[in-house]
$ cat target_38.cif   # mmCIF, C-alpha atoms
data_protein
#
loop_
_atom_site.label_atom_id
_atom_site.label_comp_id
_atom_site.auth_asym_id
_atom_site.auth_seq_id
_atom_site.Cartn_x
_atom_site.Cartn_y
_atom_site.Cartn_z
CA MET A 5 25.00 71.74 -24.99
CA THR A 6 22.82 72.69 -27.89
CA LEU A 7 21.95 70.34 -30.72
CA PRO A 8 24.63 71.57 -33.19
CA GLN A 9 27.26 71.22 -30.49
CA ILE A 10 26.20 67.62 -29.78
CA PHE A 11 26.39 66.88 -33.52
CA PHE A 12 29.82 68.45 -33.73
CA ALA A 13 31.02 66.55 -30.65
CA TYR A 14 29.95 63.26 -32.24
CA PHE A 15 31.76 64.07 -35.47
CA ALA A 16 34.89 65.33 -33.73
CA ILE A 17 35.20 62.23 -31.53
CA THR A 18 34.48 59.90 -34.45
CA ILE A 19 36.99 61.61 -36.76
CA THR A 20 39.69 61.49 -34.08
CA GLY A 21 39.04 57.82 -33.38
CA LEU A 22 38.96 56.94 -37.09
CA SER A 23 42.23 58.74 -37.76
CA LEU A 24 43.84 56.78 -34.91
CA LEU A 25 42.51 53.59 -36.50
CA VAL A 26 43.94 54.62 -39.88
CA VAL A 27 47.46 55.10 -38.55
CA THR A 28 47.52 51.98 -36.36
CA ARG A 29 45.93 49.16 -38.42
CA ARG A 30 48.34 46.47 -39.60
CA ASN A 31 46.56 45.65 -42.86
CA PRO A 32 46.69 48.62 -45.30
CA VAL A 33 43.34 47.63 -46.80
CA HIS A 34 41.70 48.10 -43.40
CA GLY A 35 43.46 51.46 -43.11
CA VAL A 36 42.08 52.57 -46.48
CA LEU A 37 38.55 51.47 -45.58
CA TRP A 38 38.63 53.33 -42.25
CA MET A 39 39.89 56.33 -44.21
CA LEU A 40 36.79 56.04 -46.41
CA VAL A 41 34.53 56.30 -43.36
CA LEU A 42 36.60 59.26 -42.14
CA PHE A 43 36.23 61.09 -45.49
CA ILE A 44 32.46 60.70 -45.34
CA HIS A 45 32.44 62.18 -41.84
CA VAL A 46 34.58 65.09 -43.02
CA ALA A 47 32.15 65.65 -45.91
CA VAL A 48 29.26 65.93 -43.43
CA LEU A 49 31.36 68.41 -41.46
CA TYR A 50 31.65 70.49 -44.66
CA LEU A 51 27.85 70.45 -44.91
CA PHE A 52 27.72 71.91 -41.38
CA LEU A 53 29.95 74.70 -42.64
CA ASN A 54 27.66 75.54 -45.57
CA ALA A 55 30.13 74.20 -48.11
CA ASP A 56 27.91 71.93 -50.21
CA PHE A 57 30.25 71.96 -53.19
CA LEU A 58 33.20 70.90 -51.05
CA ALA A 59 31.20 68.05 -49.52
CA ALA A 60 30.43 66.73 -53.01
CA VAL A 61 34.04 67.16 -54.14
CA GLN A 62 35.26 65.42 -50.98
CA ILE A 63 33.12 62.36 -51.71
CA ILE A 64 33.79 62.27 -55.47
CA VAL A 65 37.52 63.04 -55.51
CA TYR A 66 38.76 61.58 -52.23
CA ALA A 67 36.47 58.63 -51.67
CA GLY A 68 35.86 57.98 -55.35
CA ALA A 69 39.27 58.54 -56.92
CA VAL A 70 42.13 58.76 -54.44
CA LEU A 71 41.13 55.83 -52.23
CA VAL A 72 40.38 53.64 -55.25
CA LEU A 73 43.89 54.48 -56.48
CA PHE A 74 45.27 53.36 -53.12
CA LEU A 75 43.32 50.10 -53.29
CA ILE A 76 44.53 49.40 -56.84
CA VAL A 77 48.15 49.98 -55.79
CA ILE A 78 47.69 47.64 -52.80
CA MET A 79 46.32 45.08 -55.25
CA LEU A 80 49.34 45.49 -57.54
CA LEU A 81 51.87 45.02 -54.74
CA ASP A 82 52.30 41.74 -52.94
CA ILE A 83 51.72 42.76 -49.35
CA ARG A 84 50.61 39.37 -48.08
CA LYS A 85 54.04 38.46 -46.74
CA GLU A 86 54.65 41.85 -45.17
CA GLU A 87 51.67 41.69 -42.84
CA SER A 88 53.40 39.51 -40.30
CA GLU A 89 56.33 41.89 -39.80
CA ARG A 90 56.46 44.60 -37.22
CA ARG A 91 54.37 47.67 -37.78
CA PHE A 92 56.42 50.54 -36.51
CA ASN A 93 59.71 52.07 -37.53
CA TRP A 94 62.59 52.23 -35.11
CA THR A 95 61.98 55.99 -35.08
CA TRP A 96 58.67 55.63 -33.23
CA PRO A 97 59.89 57.45 -30.09
CA ALA A 98 60.64 60.46 -32.28
CA GLY A 99 57.13 60.19 -33.70
CA LEU A 100 55.55 60.12 -30.24
CA LEU A 101 57.72 63.08 -29.23
CA ALA A 102 56.62 65.01 -32.33
CA PHE A 103 52.99 64.14 -31.57
CA ALA A 104 53.28 65.36 -27.96
CA ALA A 105 55.13 68.50 -29.03
CA PHE A 106 52.50 69.32 -31.67
CA MET A 107 49.67 68.81 -29.18
CA VAL A 108 51.28 71.02 -26.52
CA PHE A 109 52.10 73.62 -29.15
CA PHE A 110 48.59 73.73 -30.60
CA ILE A 111 46.85 73.76 -27.23
CA ALA A 112 49.12 76.56 -26.02
CA ILE A 113 48.32 78.61 -29.11
CA LEU A 114 44.62 77.84 -29.39
CA ARG A 115 43.73 78.22 -25.71
CA ASP A 116 42.98 81.91 -26.02
CA PHE A 117 42.01 81.82 -29.65
CA GLN A 118 39.65 84.50 -30.86
CA VAL A 119 38.28 85.30 -34.24
CA PHE A 120 37.22 88.70 -35.39
CA PRO A 121 33.99 88.26 -37.30
CA GLY A 122 35.08 89.82 -40.52
CA PRO A 123 32.80 92.04 -42.55
CA GLY A 124 32.79 89.39 -45.23
CA GLN A 125 30.55 89.70 -48.23
CA TYR A 126 29.50 86.05 -48.30
CA SER A 127 27.06 85.77 -45.43
CA ILE A 128 24.81 82.73 -45.12
CA GLU A 129 21.82 84.69 -46.43
CA PHE A 130 23.79 85.84 -49.47
CA ILE A 131 24.97 82.31 -50.28
CA LYS A 132 21.46 80.94 -49.81
CA SER A 133 19.96 83.54 -52.12
CA GLN A 134 22.55 82.89 -54.84
CA GLY A 135 23.09 79.18 -54.36
CA ASN A 136 26.31 77.69 -53.08
CA MET A 137 27.46 76.38 -56.45
CA MET A 138 26.99 79.70 -58.21
CA THR A 139 28.84 81.59 -55.48
CA VAL A 140 31.81 79.22 -55.58
CA GLY A 141 31.84 79.25 -59.36
CA LYS A 142 31.82 83.03 -59.64
CA VAL A 143 34.71 83.38 -57.20
CA LEU A 144 36.65 80.46 -58.71
CA TYR A 145 36.37 81.63 -62.32
CA GLY A 146 36.71 85.32 -61.47
CA GLN A 147 39.07 86.26 -58.70
CA TYR A 148 40.92 82.93 -58.57
CA LEU A 149 41.10 82.08 -62.26
CA LEU A 150 44.91 81.92 -62.42
CA PRO A 151 45.33 79.56 -59.41
CA PHE A 152 42.59 77.40 -60.91
CA GLU A 153 44.47 77.15 -64.21
CA ILE A 154 47.70 76.35 -62.37
CA ALA A 155 45.88 73.58 -60.48
CA SER A 156 44.82 72.08 -63.80
CA LEU A 157 48.46 72.25 -64.94
CA ILE A 158 49.54 70.42 -61.74
CA LEU A 159 47.04 67.67 -62.49
CA LEU A 160 48.33 67.39 -66.06
CA VAL A 161 51.90 67.07 -64.77
CA ALA A 162 50.71 64.40 -62.32
CA ILE A 163 49.03 62.39 -65.10
CA ILE A 164 52.10 62.50 -67.36
CA GLY A 165 54.48 61.90 -64.47
CA ALA A 166 52.61 58.85 -63.23
CA VAL A 167 52.53 57.30 -66.71
CA VAL A 168 56.24 58.01 -67.32
CA LEU A 169 57.26 56.64 -63.93
CA VAL A 170 55.41 53.35 -64.19
CA LYS A 171 55.71 52.42 -67.87
CA LYS A 172 58.14 49.76 -68.99
CA ARG A 173 61.38 50.98 -70.49
CA ALA A 174 61.86 50.15 -74.15
CA GLU A 175 64.97 47.97 -74.35
CA MET B 16 26.40 77.77 -32.49
CA VAL B 17 29.62 75.79 -32.52
CA PRO B 18 32.62 77.99 -31.70
CA LEU B 19 35.34 78.26 -34.32
CA SER B 20 38.00 77.11 -31.88
CA TRP B 21 36.37 73.67 -31.70
CA TYR B 22 36.93 73.18 -35.41
CA ILE B 23 40.52 74.38 -35.11
CA MET B 24 41.16 72.06 -32.19
CA LEU B 25 39.75 69.10 -34.16
CA SER B 26 41.96 70.06 -37.08
CA ALA B 27 45.03 70.29 -34.80
CA VAL B 28 44.37 66.89 -33.23
CA VAL B 29 43.88 65.15 -36.57
CA PHE B 30 47.01 66.85 -37.95
CA SER B 31 49.05 65.62 -34.98
CA ILE B 32 47.77 62.08 -35.47
CA GLY B 33 48.79 62.35 -39.12
CA VAL B 34 52.30 63.41 -38.09
CA LEU B 35 52.41 60.46 -35.70
CA GLY B 36 51.49 58.02 -38.46
CA PHE B 37 53.90 59.62 -40.91
CA VAL B 38 56.90 59.27 -38.63
CA THR B 39 56.18 55.93 -36.97
CA ARG B 40 54.73 53.60 -39.61
CA ARG B 41 56.92 51.38 -41.79
CA ASN B 42 54.41 50.63 -44.50
CA LEU B 43 54.68 53.32 -47.17
CA ILE B 44 51.00 53.07 -48.13
CA ILE B 45 50.04 53.98 -44.57
CA VAL B 46 52.58 56.82 -44.74
CA PHE B 47 50.76 58.20 -47.81
CA LEU B 48 47.44 57.78 -46.01
CA SER B 49 48.88 59.83 -43.14
CA ILE B 50 49.74 62.62 -45.58
CA GLU B 51 46.15 62.58 -46.84
CA LEU B 52 45.00 62.74 -43.21
CA MET B 53 47.10 65.86 -42.60
CA LEU B 54 45.80 67.54 -45.76
CA ASN B 55 42.23 66.75 -44.70
CA SER B 56 42.74 68.27 -41.27
CA VAL B 57 44.01 71.47 -42.87
CA ASN B 58 40.97 71.44 -45.15
CA ILE B 59 38.65 71.30 -42.14
CA SER B 60 40.26 74.38 -40.61
CA LEU B 61 40.20 76.26 -43.94
CA ALA B 62 36.50 75.53 -44.46
CA ALA B 63 35.75 76.57 -40.88
CA PHE B 64 37.59 79.87 -41.30
CA SER B 65 35.78 80.42 -44.58
CA HIS B 66 32.42 79.97 -42.88
CA TYR B 67 33.15 82.07 -39.80
CA LEU B 68 34.86 84.95 -41.64
CA GLN B 69 32.14 84.91 -44.32
CA SER B 70 34.73 84.78 -47.04
CA MET B 71 34.90 82.47 -50.04
CA THR B 72 38.70 82.25 -50.15
CA GLY B 73 38.89 79.35 -47.72
CA GLN B 74 36.65 77.16 -49.85
CA ILE B 75 38.69 77.92 -52.97
CA LEU B 76 41.85 77.00 -51.06
CA VAL B 77 40.27 73.71 -50.00
CA PHE B 78 39.45 73.01 -53.62
CA LEU B 79 43.07 73.67 -54.67
CA VAL B 80 44.40 71.55 -51.78
CA ILE B 81 42.20 68.66 -52.93
CA ALA B 82 43.61 69.00 -56.47
CA VAL B 83 47.18 68.99 -55.16
CA ALA B 84 46.43 66.02 -52.88
CA ALA B 85 45.10 64.01 -55.81
CA ALA B 86 48.22 64.81 -57.86
CA GLU B 87 50.46 63.96 -54.90
CA ALA B 88 48.76 60.60 -54.36
CA ALA B 89 49.08 59.68 -58.05
CA ILE B 90 52.78 60.61 -58.24
CA GLY B 91 53.62 59.08 -54.86
CA LEU B 92 51.98 55.76 -55.63
CA ALA B 93 53.64 55.70 -59.07
CA ILE B 94 57.03 56.16 -57.39
CA LEU B 95 56.10 53.33 -55.00
CA ILE B 96 55.33 50.97 -57.90
CA ALA B 97 58.50 52.00 -59.75
CA PHE B 98 60.50 51.28 -56.61
CA TYR B 99 58.77 47.96 -56.04
CA LYS B 100 60.09 46.78 -59.43
CA ASN B 101 63.66 47.33 -58.21
CA LYS B 102 63.29 45.88 -54.77
CA PRO B 103 60.09 44.11 -53.72
CA THR B 104 59.39 45.82 -50.43
CA ILE B 105 57.28 48.76 -49.34
CA MET B 106 58.76 49.10 -45.87
CA ALA B 107 60.26 52.52 -45.25
CA ASP B 108 63.29 51.36 -43.28
CA GLU B 109 64.35 48.83 -45.92
CA ILE B 110 64.69 51.55 -48.55
CA SER B 111 68.27 52.38 -47.66
CA PHE B 112 70.18 52.53 -50.94
CA MET B 113 71.57 55.97 -50.12
CA LYS B 114 72.87 55.04 -46.71
CA GLY B 115 76.50 54.86 -47.85
#
$ encode --input "target_38.cif" --output "structure tokens"
Amino acid sequence: MTLPQIFFAYFAITITGLSLLVVTRRNPVHGVLWMLVLFIHVAVLYLFLNADFLAAVQIIVYAGAVLVLFLIVIMLLDIRKEESERRFNWTWPAGLLAFAAFMVFFIAILRDFQVFPGPGQYSIEFIKSQGNMMTVGKVLYGQYLLPFEIASLILLVAIIGAVVLVKKRAE
Amino acid sequence: MVPLSWYIMLSAVVFSIGVLGFVTRRNLIIVFLSIELMLNSVNISLAAFSHYLQSMTGQILVFLVIAVAAAEAAIGLAILIAFYKNKPTIMADEISFMKG
């Protein structure tokens, strides 16, 4: 194995193990903290893929905003008494079945998986000469301007929706 | 050079683990974490395709998925808090008002 493959193997095994830890820990705070480690590993994986901007966004948005939101909600709810109860739903056999079916399905599909190296415009040399941020920005504000605006609208709806859902009703 | 199929296999495995957590766990916070796990696994495969096909579309899609995931987490956790005011539990199988 070459050096990049050894790096990738480390990250793949660690990410798989961390995701198993996330879905099996009893205490949700532990789950959130393992998720933080997982997000950092995924960000490094983005750096392997020459996506610097995405690595930064992954750290800032996921680790910085979403997980802190999870921790604040755990703080607001009284979960102390729930920790001693059982962890899994009575539907866990269905979950295991779905897991096994997904694995068989994916392995069957991906066993003879090939990619046709597309004649894409954005080769590594091109991105390096322009800078990753500038390349992403030009595509995002040019070709994908409308989806970008719709994403901002979705975030606005989320802000208003969260406030409306949680605020006290005026009697 | 790492083959593309390795990234896709990693993405598939993490997605399956997310499905497992989503269906089996009782704690709704862990259920939301499982959704985030699934979205992250899809992001890995999108970024890998973007790199190997030398196209920028995958990275833009990852960016949009992250925006939607943030919105989903905010709304989902707000619903959780609103529910907790009615009935102080966050266990999925105790939320059975519509069972008839």
$ residues_around --input "target_38.cif" --residues "Val77 (chain B)" --least-positions-apart "5" --cutoff "7 Å" --atoms "all atoms listed in the file" --output "VMD selection string"
chain B and resid 58 61 to 62
$ interface_residues --input "target_38.cif" --of "chain A" --to "chain B" --cutoff "6 Å" --atoms "only C-alpha atoms" --output "VMD selection string"
chain A and resid 9 27 53 92 to 93 96 99 103 121 to 122 124 126 to 127 159 162 166 170
$ atom_distance --input "target_38.cif" --atom1 "CA of Met137 (chain A)" --atom2 "CA of Ser60 (chain B)"
20.5 Å
$ atom_distance --input "target_38.cif" --atom1 "CA of Leu73 (chain A)" --atom2 "CA of Leu58 (chain A)"
20.3 Å
$ residues_around --input "target_38.cif" --residues "region 78-80 of chain A" --least-positions-apart "4" --cutoff "8 Å" --atoms "all atoms listed in the file" --output "ChimeraX atom specification"
/A:32-33,74 /B:44
$ atom_distance --input "target_38.cif" --atom1 "CA of Leu42 (chain A)" --atom2 "CA of Ile10 (chain A)"
18.2 Å
$ axis_aligned_box --input "target_38.cif" --around "region 51-54 of chain A" --padding-each-side "5 Å" --output "AutoDock Vina command-line options"
--center_x 28.8 --center_y 73.0 --center_z -43.5 --size_x 12.3 --size_y 15.1 --size_z 14.2
$ closest_residue --input "target_38.cif" --among "B:Glu109, B:Leu54, B:Asn101, B:Gly73" --to "Val143 (chain A)" --atoms "all atoms listed in the file"
B:Gly73
$ resolve_selection --input "target_38.cif" --expression "the PyMOL selection byres ((chain A and resi 35-41) around 7)" --output "list in words"
Leu22, Leu25, Val26, Arg29, Asn31, Pro32, Val33, His34, Leu42, Phe43, Ile44, His45, Ala67 and Leu71 of chain A
$ closest_residue --input "target_38.cif" --among "A:Ile128, A:Gln134, A:Leu101, A:Leu49" --to "Pro8 (chain A)" --atoms "all atoms listed in the file"
A:Leu49
